[in-house]
Amino acid sequence: MRLKILLYLEKKSKMIRSNHYLPFLCVLIYLVFISCISESEETKAKRIHQSIITLDTHNDINEGFFTDSLNYFQNTDTQINLPKMEAGGLDVTWLIVYTGQDSLSQTGYAIAAANAKTKFEAIHRLADRYAPEQIALAKTAKETREIWKSGKKVAMIGVENAYPLALDTANVKKFFDQGARYMSLAHNGHNQFSDSNTGEYDSIYMHNGISELGKQVIEKMNYYGIMVDISHPSKEAIQQTIAHSKAPIIASHSSARALCDHPRNLDDEQLRWVQANGGVVQTVAFGAYLEADKHKKYTEAKEALQRKLSQKNGFQLLTTNEERALDFVELRRYQEKYKRFQQSIKDEMHQLKQQTPPVDVADFVDHIDYLVAQMGIAHVGISSDFDGGGGIEGWQDASETFNVTLELVKRGYSQEEIEKLWSGNLLRVLEEVEAIAKSLQEKTRA
């Protein structure tokens, strides 16, 4: 574009020397300037993106994608896998050992423990057996940096819901030994350790914060070096957790409640607690937590269009609940059919997005801007919640990760600031947690 404009200027140089063409010259110079700025932003963003560690703290997994024949070495029908990480320049993925909330019974605990074991083993198979030349499991901040320097992708492990620990705090050490480096006390539902933010919906709580057993789990996490995650507990539980923890905490996937009033987000008071604690809030690219009204309008319009076109195309469109009820083989078959259906209606979907825009990367970075303004650059990070409901226009999967860096550059963030947001702040907290754990262990040995 710039070359064409400059050649045109040279061709018209005689005319341009005349005062009569001075306004024309000013317009062309302005176009050249704008073109240079736009291109330099993308070039700068690419340089920054390639020179820093990009780290996403929350990617859910389905163990069906961790087999000899189907795993993340391939470009699976998941938002996160190695080919997509490579394409988008995402360096570190925190893979999540998630267990949904069930009854507080021995049967419930046993099922949850088995589920957690399956997911821990799946993550280890990826790094140890399926793709050891492409990805390695890191258990410390130092290992993360060393693996990144070697050219490999990095896997780390977070636990979403401490429920599988049952009533035995000794299991914290077992999770640590399997690689867990952050864990939330609760998820969607109160458990033996903590109240959940879901209590906001019915004003019913179990502990009015965290239980005595929950306090013991926090102490164990501090002792071994596992970051405490506050993304799902209730506000009272979060306050008590921060007060009880000897180490800084994280919110592994939450955004700003002032911009989107959702129980999963943190209000300004909570942000001040995290700042004072020295922790970090990992802003999450989840549409409903970024711009609820915009997300609702687009989702409703998309579902209405898809229902209409699915009938026309002879495709049976399932609801989210119907999809979740499928076993893994059935789900794979459905996803293949759905992908073909999506391809057949791409023109209609493009037109819909023009009329009813979805939540996008700009909305996401609005939350980053707000959190930085409230807490300071040292306390904000980035997460996607891929394969757990996350993904927005422009960052639908790991292959589009660069778009986040580009938007940050457009907003005026420096390389140092972008590095902090992508990984520096989270790794700093992990290092502090590691140092406190070492200190606590040394005291018990003295």
# chains A, B, ... in the order shown; residues from 1 in each chain; ligands from 1

$ select_by_dssp --residues "range 146-385 of chain A" --states "alpha helix (DSSP H)" --output "PyMOL selection string"
chain A and resi 146-150+171-177+199-202+212-224+235-244+268-277+287-290+292-313+320-324+328-344+346-355+361-375

$ write_last_selection --atoms "C-alpha atoms" --output "short mmCIF file (atom, residue, chain, number, x, y, z; two decimals), in the first residue's frame"
data_model
loop_
_atom_site.label_atom_id
_atom_site.label_comp_id
_atom_site.auth_asym_id
_atom_site.auth_seq_id
_atom_site.Cartn_x
_atom_site.Cartn_y
_atom_site.Cartn_z
CA GLU A 146 13.83 -23.38 30.71
CA ILE A 147 11.40 -25.44 28.63
CA TRP A 148 10.34 -22.32 26.70
CA LYS A 149 13.98 -21.51 25.94
CA SER A 150 14.44 -25.05 24.61
CA ASN A 171 -4.27 -35.75 49.45
CA VAL A 172 -2.97 -32.20 48.84
CA LYS A 173 0.54 -33.68 48.79
CA LYS A 174 -0.61 -36.38 46.33
CA PHE A 175 -1.96 -33.70 43.97
CA PHE A 176 1.26 -31.72 44.32
CA ASP A 177 3.34 -34.79 43.48
CA GLY A 199 -24.76 -19.02 46.55
CA GLU A 200 -25.58 -15.62 45.08
CA TYR A 201 -28.42 -17.19 43.10
CA ASP A 202 -30.37 -18.48 46.11
CA GLU A 212 -12.05 -25.40 59.17
CA LEU A 213 -11.11 -28.19 56.78
CA GLY A 214 -10.78 -25.59 54.04
CA LYS A 215 -8.33 -23.62 56.19
CA GLN A 216 -6.26 -26.78 56.67
CA VAL A 217 -6.18 -27.32 52.89
CA ILE A 218 -4.95 -23.74 52.35
CA GLU A 219 -2.21 -24.36 54.91
CA LYS A 220 -1.17 -27.53 53.08
CA MET A 221 -1.18 -25.71 49.74
CA ASN A 222 1.03 -22.98 51.19
CA TYR A 223 3.34 -25.62 52.66
CA TYR A 224 3.85 -27.59 49.43
CA LYS A 235 -17.03 -13.40 48.14
CA GLU A 236 -16.89 -14.22 51.85
CA ALA A 237 -14.85 -17.35 51.10
CA ILE A 238 -12.45 -15.30 48.97
CA GLN A 239 -11.94 -12.76 51.77
CA GLN A 240 -11.30 -15.52 54.33
CA THR A 241 -9.00 -17.38 51.94
CA ILE A 242 -6.84 -14.32 51.35
CA ALA A 243 -6.73 -13.60 55.10
CA HIS A 244 -5.70 -17.19 55.89
CA ASP A 268 -13.62 -3.51 42.98
CA GLU A 269 -13.37 -4.41 46.66
CA GLN A 270 -12.17 -7.92 45.79
CA LEU A 271 -9.67 -6.46 43.33
CA ARG A 272 -8.20 -4.36 46.16
CA TRP A 273 -7.91 -7.51 48.29
CA VAL A 274 -5.96 -9.29 45.53
CA GLN A 275 -3.73 -6.27 44.98
CA ALA A 276 -2.90 -5.98 48.69
CA ASN A 277 -2.24 -9.72 48.80
CA GLY A 287 -18.24 -13.93 26.43
CA ALA A 288 -20.85 -14.05 29.21
CA TYR A 289 -18.28 -12.67 31.69
CA LEU A 290 -17.16 -9.83 29.42
CA ALA A 292 -23.39 -10.11 29.02
CA ASP A 293 -25.99 -8.23 26.94
CA LYS A 294 -23.92 -8.37 23.77
CA HIS A 295 -23.22 -12.05 24.33
CA LYS A 296 -26.91 -12.81 24.96
CA LYS A 297 -28.11 -10.98 21.85
CA TYR A 298 -25.57 -12.68 19.59
CA THR A 299 -26.12 -16.14 21.10
CA GLU A 300 -29.89 -15.90 20.72
CA ALA A 301 -29.59 -14.65 17.14
CA LYS A 302 -27.08 -17.40 16.28
CA GLU A 303 -29.20 -20.16 17.78
CA ALA A 304 -32.32 -18.93 15.97
CA LEU A 305 -30.46 -18.81 12.65
CA GLN A 306 -28.92 -22.24 13.17
CA ARG A 307 -32.27 -23.81 14.09
CA LYS A 308 -33.82 -22.37 10.94
CA LEU A 309 -30.97 -23.46 8.65
CA SER A 310 -30.54 -26.88 10.30
CA GLN A 311 -34.10 -27.80 9.41
CA LYS A 312 -33.49 -26.65 5.85
CA ASN A 313 -30.23 -28.69 5.64
CA THR A 320 -26.07 -27.80 24.98
CA ASN A 321 -27.59 -30.20 27.53
CA GLU A 322 -28.30 -32.81 24.83
CA GLU A 323 -24.72 -32.48 23.62
CA ARG A 324 -23.34 -32.97 27.13
CA PHE A 328 -17.37 -39.45 23.74
CA VAL A 329 -17.84 -41.46 20.53
CA GLU A 330 -21.30 -39.99 19.93
CA LEU A 331 -19.98 -36.52 20.68
CA ARG A 332 -17.22 -36.91 18.11
CA ARG A 333 -19.70 -37.98 15.45
CA TYR A 334 -21.96 -35.06 16.24
CA GLN A 335 -19.04 -32.58 16.19
CA GLU A 336 -18.02 -33.78 12.73
CA LYS A 337 -21.54 -33.27 11.41
CA TYR A 338 -21.78 -29.90 13.14
CA LYS A 339 -18.50 -28.78 11.58
CA ARG A 340 -19.80 -29.62 8.10
CA PHE A 341 -23.04 -27.81 8.88
CA GLN A 342 -21.12 -24.73 10.04
CA GLN A 343 -19.11 -24.73 6.82
CA SER A 344 -22.32 -24.85 4.77
CA LYS A 346 -20.60 -19.64 6.79
CA ASP A 347 -21.96 -16.88 4.54
CA GLU A 348 -25.13 -16.58 6.63
CA MET A 349 -23.05 -16.56 9.83
CA HIS A 350 -20.80 -13.82 8.47
CA GLN A 351 -23.83 -11.69 7.68
CA LEU A 352 -25.24 -12.33 11.17
CA LYS A 353 -22.01 -11.12 12.79
CA GLN A 354 -22.23 -7.89 10.82
CA GLN A 355 -25.77 -7.30 12.06
CA VAL A 361 -10.99 -9.28 21.60
CA ALA A 362 -11.61 -5.56 22.05
CA ASP A 363 -14.22 -6.32 24.74
CA PHE A 364 -11.73 -8.66 26.39
CA VAL A 365 -8.96 -6.07 26.49
CA ASP A 366 -11.45 -3.54 27.90
CA HIS A 367 -11.46 -5.74 31.01
CA ILE A 368 -7.66 -5.88 31.04
CA ASP A 369 -7.58 -2.07 30.81
CA TYR A 370 -10.01 -1.77 33.72
CA LEU A 371 -8.15 -4.27 35.92
CA VAL A 372 -4.83 -2.55 35.23
CA ALA A 373 -6.35 0.82 36.14
CA GLN A 374 -7.76 -0.57 39.38
CA MET A 375 -4.90 -2.83 40.51
#

$ select_by_dssp --residues "range 161-364 of chain A" --states "strand (DSSP E or B)" --output "PyMOL selection string"
chain A and resi 180-184+187+189+194+196+210+227-229+233+250-251+256+266+280-284+360

$ closest_residue --among "A:Asp360, A:Asp261, A:Glu442, A:Asp128" --to "Val404 in chain A" --atoms "only C-alpha atoms"
A:Asp360

$ closest_atom_pairs --of "range 117-148 of chain A" --to "range 86-107 of chain A" --cutoff "8 Å" --atoms "only C-alpha atoms" --output "CSV"
residue,atom,partner,partner_atom,distance
A:Lys119,CA,A:Val97,CA,5.6
A:Phe120,CA,A:Val97,CA,6.5
A:Ile123,CA,A:Leu95,CA,7.3
A:Thr144,CA,A:Val92,CA,8.0
A:Trp148,CA,A:Asp91,CA,7.0

$ write_last_selection --atoms "N, CA and C atoms" --output "CSV table (one decimal), in the first residue's frame"
chain,number,residue,atom,x,y,z
A,119,LYS,N,-7.6,-37.7,34.8
A,119,LYS,CA,-7.1,-36.4,34.1
A,119,LYS,C,-5.7,-36.1,34.3
A,120,PHE,N,-5.2,-36.4,35.5
A,120,PHE,CA,-3.8,-36.2,35.8
A,120,PHE,C,-3.0,-37.2,34.9
A,123,ILE,N,-2.8,-36.0,31.2
A,123,ILE,CA,-1.8,-34.9,30.9
A,123,ILE,C,-0.4,-35.4,30.9
A,144,THR,N,9.4,-23.7,33.7
A,144,THR,CA,8.6,-23.1,32.6
A,144,THR,C,9.5,-22.3,31.7
A,148,TRP,N,10.6,-23.3,27.8
A,148,TRP,CA,10.3,-22.3,26.7
A,148,TRP,C,11.6,-22.0,25.9

$ closest_residue --among "A:Val281, A:Ser211, A:Lys420, A:Leu318" --to "Leu408 in chain A" --atoms "only C-alpha atoms"
A:Lys420

$ residues_around --residues "Ser423 in chain A" --least-positions-apart "2" --cutoff "10 Å" --atoms "only C-alpha atoms" --output "PDB file with N, CA and C atoms, in the first residue's frame"
ATOM      1  N   ILE A  52       8.345 -13.070  23.919  1.00  0.00           N
ATOM      2  CA  ILE A  52       7.915 -13.244  25.306  1.00  0.00           C
ATOM      3  C   ILE A  52       7.258 -14.608  25.493  1.00  0.00           C
ATOM      4  N   ILE A  53       7.094 -15.000  26.758  1.00  0.00           N
ATOM      5  CA  ILE A  53       6.367 -16.236  27.076  1.00  0.00           C
ATOM      6  C   ILE A  53       4.882 -15.903  27.150  1.00  0.00           C
ATOM      7  N   THR A  54       4.098 -16.519  26.295  1.00  0.00           N
ATOM      8  CA  THR A  54       2.641 -16.354  26.338  1.00  0.00           C
ATOM      9  C   THR A  54       2.055 -17.536  27.106  1.00  0.00           C
ATOM     10  N   LEU A  55       1.269 -17.238  28.113  1.00  0.00           N
ATOM     11  CA  LEU A  55       0.805 -18.258  29.058  1.00  0.00           C
ATOM     12  C   LEU A  55      -0.691 -18.090  29.303  1.00  0.00           C
ATOM     13  N   ASP A  56      -1.437 -19.163  29.151  1.00  0.00           N
ATOM     14  CA  ASP A  56      -2.890 -19.178  29.355  1.00  0.00           C
ATOM     15  C   ASP A  56      -3.180 -20.079  30.553  1.00  0.00           C
ATOM     16  N   THR A  57      -3.793 -19.526  31.612  1.00  0.00           N
ATOM     17  CA  THR A  57      -3.921 -20.278  32.865  1.00  0.00           C
ATOM     18  C   THR A  57      -5.113 -21.221  32.948  1.00  0.00           C
ATOM     19  N   ASP A  91       2.580 -20.327  24.170  1.00  0.00           N
ATOM     20  CA  ASP A  91       3.711 -21.119  24.670  1.00  0.00           C
ATOM     21  C   ASP A  91       3.358 -22.054  25.822  1.00  0.00           C
ATOM     22  N   VAL A  92       2.505 -21.585  26.732  1.00  0.00           N
ATOM     23  CA  VAL A  92       2.227 -22.348  27.953  1.00  0.00           C
ATOM     24  C   VAL A  92       0.725 -22.542  28.113  1.00  0.00           C
ATOM     25  N   GLN A 282      -6.346 -13.343  36.446  1.00  0.00           N
ATOM     26  CA  GLN A 282      -6.175 -13.760  35.062  1.00  0.00           C
ATOM     27  C   GLN A 282      -7.473 -13.494  34.294  1.00  0.00           C
ATOM     28  N   VAL A 380      -2.340  -8.318  36.925  1.00  0.00           N
ATOM     29  CA  VAL A 380      -3.296  -8.710  35.882  1.00  0.00           C
ATOM     30  C   VAL A 380      -2.646  -9.702  34.929  1.00  0.00           C
ATOM     31  N   GLY A 381      -3.417 -10.724  34.527  1.00  0.00           N
ATOM     32  CA  GLY A 381      -2.931 -11.720  33.586  1.00  0.00           C
ATOM     33  C   GLY A 381      -4.000 -12.090  32.581  1.00  0.00           C
ATOM     34  N   ILE A 382      -3.772 -13.197  31.854  1.00  0.00           N
ATOM     35  CA  ILE A 382      -4.624 -13.578  30.725  1.00  0.00           C
ATOM     36  C   ILE A 382      -4.985 -15.055  30.789  1.00  0.00           C
ATOM     37  N   ILE A 418       3.267  -5.957  28.311  1.00  0.00           N
ATOM     38  CA  ILE A 418       2.627  -7.113  27.665  1.00  0.00           C
ATOM     39  C   ILE A 418       3.225  -8.412  28.188  1.00  0.00           C
ATOM     40  N   GLU A 419       4.521  -8.407  28.408  1.00  0.00           N
ATOM     41  CA  GLU A 419       5.180  -9.601  28.967  1.00  0.00           C
ATOM     42  C   GLU A 419       4.644  -9.913  30.364  1.00  0.00           C
ATOM     43  N   LYS A 420       4.416  -8.879  31.159  1.00  0.00           N
ATOM     44  CA  LYS A 420       3.857  -9.077  32.500  1.00  0.00           C
ATOM     45  C   LYS A 420       2.456  -9.663  32.420  1.00  0.00           C
ATOM     46  N   LEU A 421       1.649  -9.120  31.521  1.00  0.00           N
ATOM     47  CA  LEU A 421       0.268  -9.591  31.375  1.00  0.00           C
ATOM     48  C   LEU A 421       0.215 -11.033  30.898  1.00  0.00           C
ATOM     49  N   ASN A 425       3.565 -11.826  35.467  1.00  0.00           N
ATOM     50  CA  ASN A 425       2.898 -11.677  36.761  1.00  0.00           C
ATOM     51  C   ASN A 425       2.551 -13.034  37.376  1.00  0.00           C
ATOM     52  N   LEU A 426       2.030 -13.921  36.558  1.00  0.00           N
ATOM     53  CA  LEU A 426       1.651 -15.251  37.058  1.00  0.00           C
ATOM     54  C   LEU A 426       2.891 -16.014  37.542  1.00  0.00           C
ATOM     55  N   LEU A 427       3.970 -15.962  36.760  1.00  0.00           N
ATOM     56  CA  LEU A 427       5.191 -16.675  37.156  1.00  0.00           C
ATOM     57  C   LEU A 427       5.820 -16.040  38.389  1.00  0.00           C
ATOM     58  N   ARG A 428       5.677 -14.731  38.528  1.00  0.00           N
ATOM     59  CA  ARG A 428       6.161 -14.057  39.738  1.00  0.00           C
ATOM     60  C   ARG A 428       5.415 -14.560  40.972  1.00  0.00           C
TER      61      ARG A 428
END

$ residues_around --residues "Ala166 in chain A" --least-positions-apart "4" --cutoff "10 Å" --atoms "only C-alpha atoms" --output "ChimeraX atom specification"
/A:104-106,108-110,112-113,162,170-171,191-193

$ write_last_selection --atoms "C-alpha atoms" --output "PDB file, in the first residue's frame"
ATOM      1  CA  LEU A 104     -20.648 -34.800  50.042  1.00  0.00           C
ATOM      2  CA  SER A 105     -20.514 -38.555  50.520  1.00  0.00           C
ATOM      3  CA  GLN A 106     -17.907 -41.286  50.345  1.00  0.00           C
ATOM      4  CA  GLY A 108     -19.220 -38.940  45.612  1.00  0.00           C
ATOM      5  CA  TYR A 109     -15.661 -38.463  46.813  1.00  0.00           C
ATOM      6  CA  ALA A 110     -14.578 -41.806  45.330  1.00  0.00           C
ATOM      7  CA  ALA A 112     -14.401 -37.535  41.979  1.00  0.00           C
ATOM      8  CA  ALA A 113     -11.006 -38.945  42.980  1.00  0.00           C
ATOM      9  CA  ALA A 162     -10.745 -29.435  45.581  1.00  0.00           C
ATOM     10  CA  ALA A 170      -2.927 -35.548  52.994  1.00  0.00           C
ATOM     11  CA  ASN A 171      -4.271 -35.751  49.448  1.00  0.00           C
ATOM     12  CA  ASN A 191     -18.420 -28.422  49.154  1.00  0.00           C
ATOM     13  CA  GLN A 192     -16.594 -29.627  52.246  1.00  0.00           C
ATOM     14  CA  PHE A 193     -14.036 -26.811  52.028  1.00  0.00           C
TER      15      PHE A 193
END

$ residues_around --residues "Gly388 in chain A" --least-positions-apart "4" --cutoff "10 Å" --atoms "only C-alpha atoms" --output "MDAnalysis selection string"
chainID A and resid 58:62 79 96 98 286 384

$ closest_residue --among "A:Gln74, A:Gln134, A:Thr43, A:Ser234" --to "Ser203 in chain A" --atoms "only C-alpha atoms"
A:Ser234

$ atom_distance --atom1 "CA of Thr198 in chain A" --atom2 "CA of Pro358 in chain A"
25.8 Å

$ residues_around --residues "Ala122 in chain A" --least-positions-apart "3" --cutoff "10 Å" --atoms "only C-alpha atoms" --output "PDB file with N, CA and C atoms, in the first residue's frame"
ATOM      1  N   ILE A  61      -9.903 -30.010  29.740  1.00  0.00           N
ATOM      2  CA  ILE A  61      -9.570 -31.166  28.899  1.00  0.00           C
ATOM      3  C   ILE A  61     -10.654 -32.231  28.991  1.00  0.00           C
ATOM      4  N   ASN A  62     -10.754 -33.022  27.941  1.00  0.00           N
ATOM      5  CA  ASN A  62     -11.549 -34.243  27.918  1.00  0.00           C
ATOM      6  C   ASN A  62     -10.567 -35.380  27.683  1.00  0.00           C
ATOM      7  N   GLU A  63     -10.503 -36.329  28.602  1.00  0.00           N
ATOM      8  CA  GLU A  63      -9.492 -37.380  28.510  1.00  0.00           C
ATOM      9  C   GLU A  63      -9.640 -38.231  27.253  1.00  0.00           C
ATOM     10  N   GLY A  64     -10.795 -38.123  26.554  1.00  0.00           N
ATOM     11  CA  GLY A  64     -10.965 -38.828  25.283  1.00  0.00           C
ATOM     12  C   GLY A  64      -9.987 -38.365  24.225  1.00  0.00           C
ATOM     13  N   PHE A  65      -9.431 -37.163  24.389  1.00  0.00           N
ATOM     14  CA  PHE A  65      -8.443 -36.644  23.444  1.00  0.00           C
ATOM     15  C   PHE A  65      -7.013 -36.924  23.889  1.00  0.00           C
ATOM     16  N   PHE A  66      -6.843 -37.870  24.800  1.00  0.00           N
ATOM     17  CA  PHE A  66      -5.512 -38.223  25.303  1.00  0.00           C
ATOM     18  C   PHE A  66      -5.292 -39.728  25.179  1.00  0.00           C
ATOM     19  N   THR A  67      -5.448 -40.240  23.958  1.00  0.00           N
ATOM     20  CA  THR A  67      -5.249 -41.662  23.691  1.00  0.00           C
ATOM     21  C   THR A  67      -4.146 -41.830  22.648  1.00  0.00           C
ATOM     22  N   ASN A  71      -4.931 -37.511  20.103  1.00  0.00           N
ATOM     23  CA  ASN A  71      -4.353 -36.692  21.174  1.00  0.00           C
ATOM     24  C   ASN A  71      -3.929 -35.338  20.634  1.00  0.00           C
ATOM     25  N   VAL A  97      -7.462 -30.185  35.692  1.00  0.00           N
ATOM     26  CA  VAL A  97      -8.079 -31.367  36.299  1.00  0.00           C
ATOM     27  C   VAL A  97      -9.363 -30.872  36.964  1.00  0.00           C
ATOM     28  N   ALA A 116     -10.323 -37.297  38.824  1.00  0.00           N
ATOM     29  CA  ALA A 116      -9.098 -36.494  38.904  1.00  0.00           C
ATOM     30  C   ALA A 116      -7.881 -37.323  38.495  1.00  0.00           C
ATOM     31  N   LYS A 117      -7.828 -38.560  38.964  1.00  0.00           N
ATOM     32  CA  LYS A 117      -6.712 -39.453  38.628  1.00  0.00           C
ATOM     33  C   LYS A 117      -6.618 -39.649  37.115  1.00  0.00           C
ATOM     34  N   THR A 118      -7.758 -39.848  36.474  1.00  0.00           N
ATOM     35  CA  THR A 118      -7.796 -40.053  35.025  1.00  0.00           C
ATOM     36  C   THR A 118      -7.233 -38.849  34.282  1.00  0.00           C
ATOM     37  N   LYS A 119      -7.578 -37.650  34.751  1.00  0.00           N
ATOM     38  CA  LYS A 119      -7.124 -36.434  34.063  1.00  0.00           C
ATOM     39  C   LYS A 119      -5.651 -36.144  34.324  1.00  0.00           C
ATOM     40  N   ARG A 125       0.518 -38.415  30.071  1.00  0.00           N
ATOM     41  CA  ARG A 125       0.717 -39.182  28.838  1.00  0.00           C
ATOM     42  C   ARG A 125       1.074 -38.262  27.672  1.00  0.00           C
ATOM     43  N   LEU A 126       0.427 -37.108  27.606  1.00  0.00           N
ATOM     44  CA  LEU A 126       0.718 -36.173  26.519  1.00  0.00           C
ATOM     45  C   LEU A 126       2.188 -35.773  26.527  1.00  0.00           C
ATOM     46  N   ALA A 127       2.690 -35.381  27.699  1.00  0.00           N
ATOM     47  CA  ALA A 127       4.067 -34.894  27.798  1.00  0.00           C
ATOM     48  C   ALA A 127       5.100 -36.018  27.763  1.00  0.00           C
ATOM     49  N   ASP A 128       4.761 -37.174  28.335  1.00  0.00           N
ATOM     50  CA  ASP A 128       5.747 -38.253  28.479  1.00  0.00           C
ATOM     51  C   ASP A 128       5.749 -39.241  27.317  1.00  0.00           C
TER      52      ASP A 128
END

$ closest_residue --among "A:Thr283, A:Gln415, A:Asp229, A:Met183" --to "Asp385 in chain A" --atoms "only C-alpha atoms"
A:Thr283
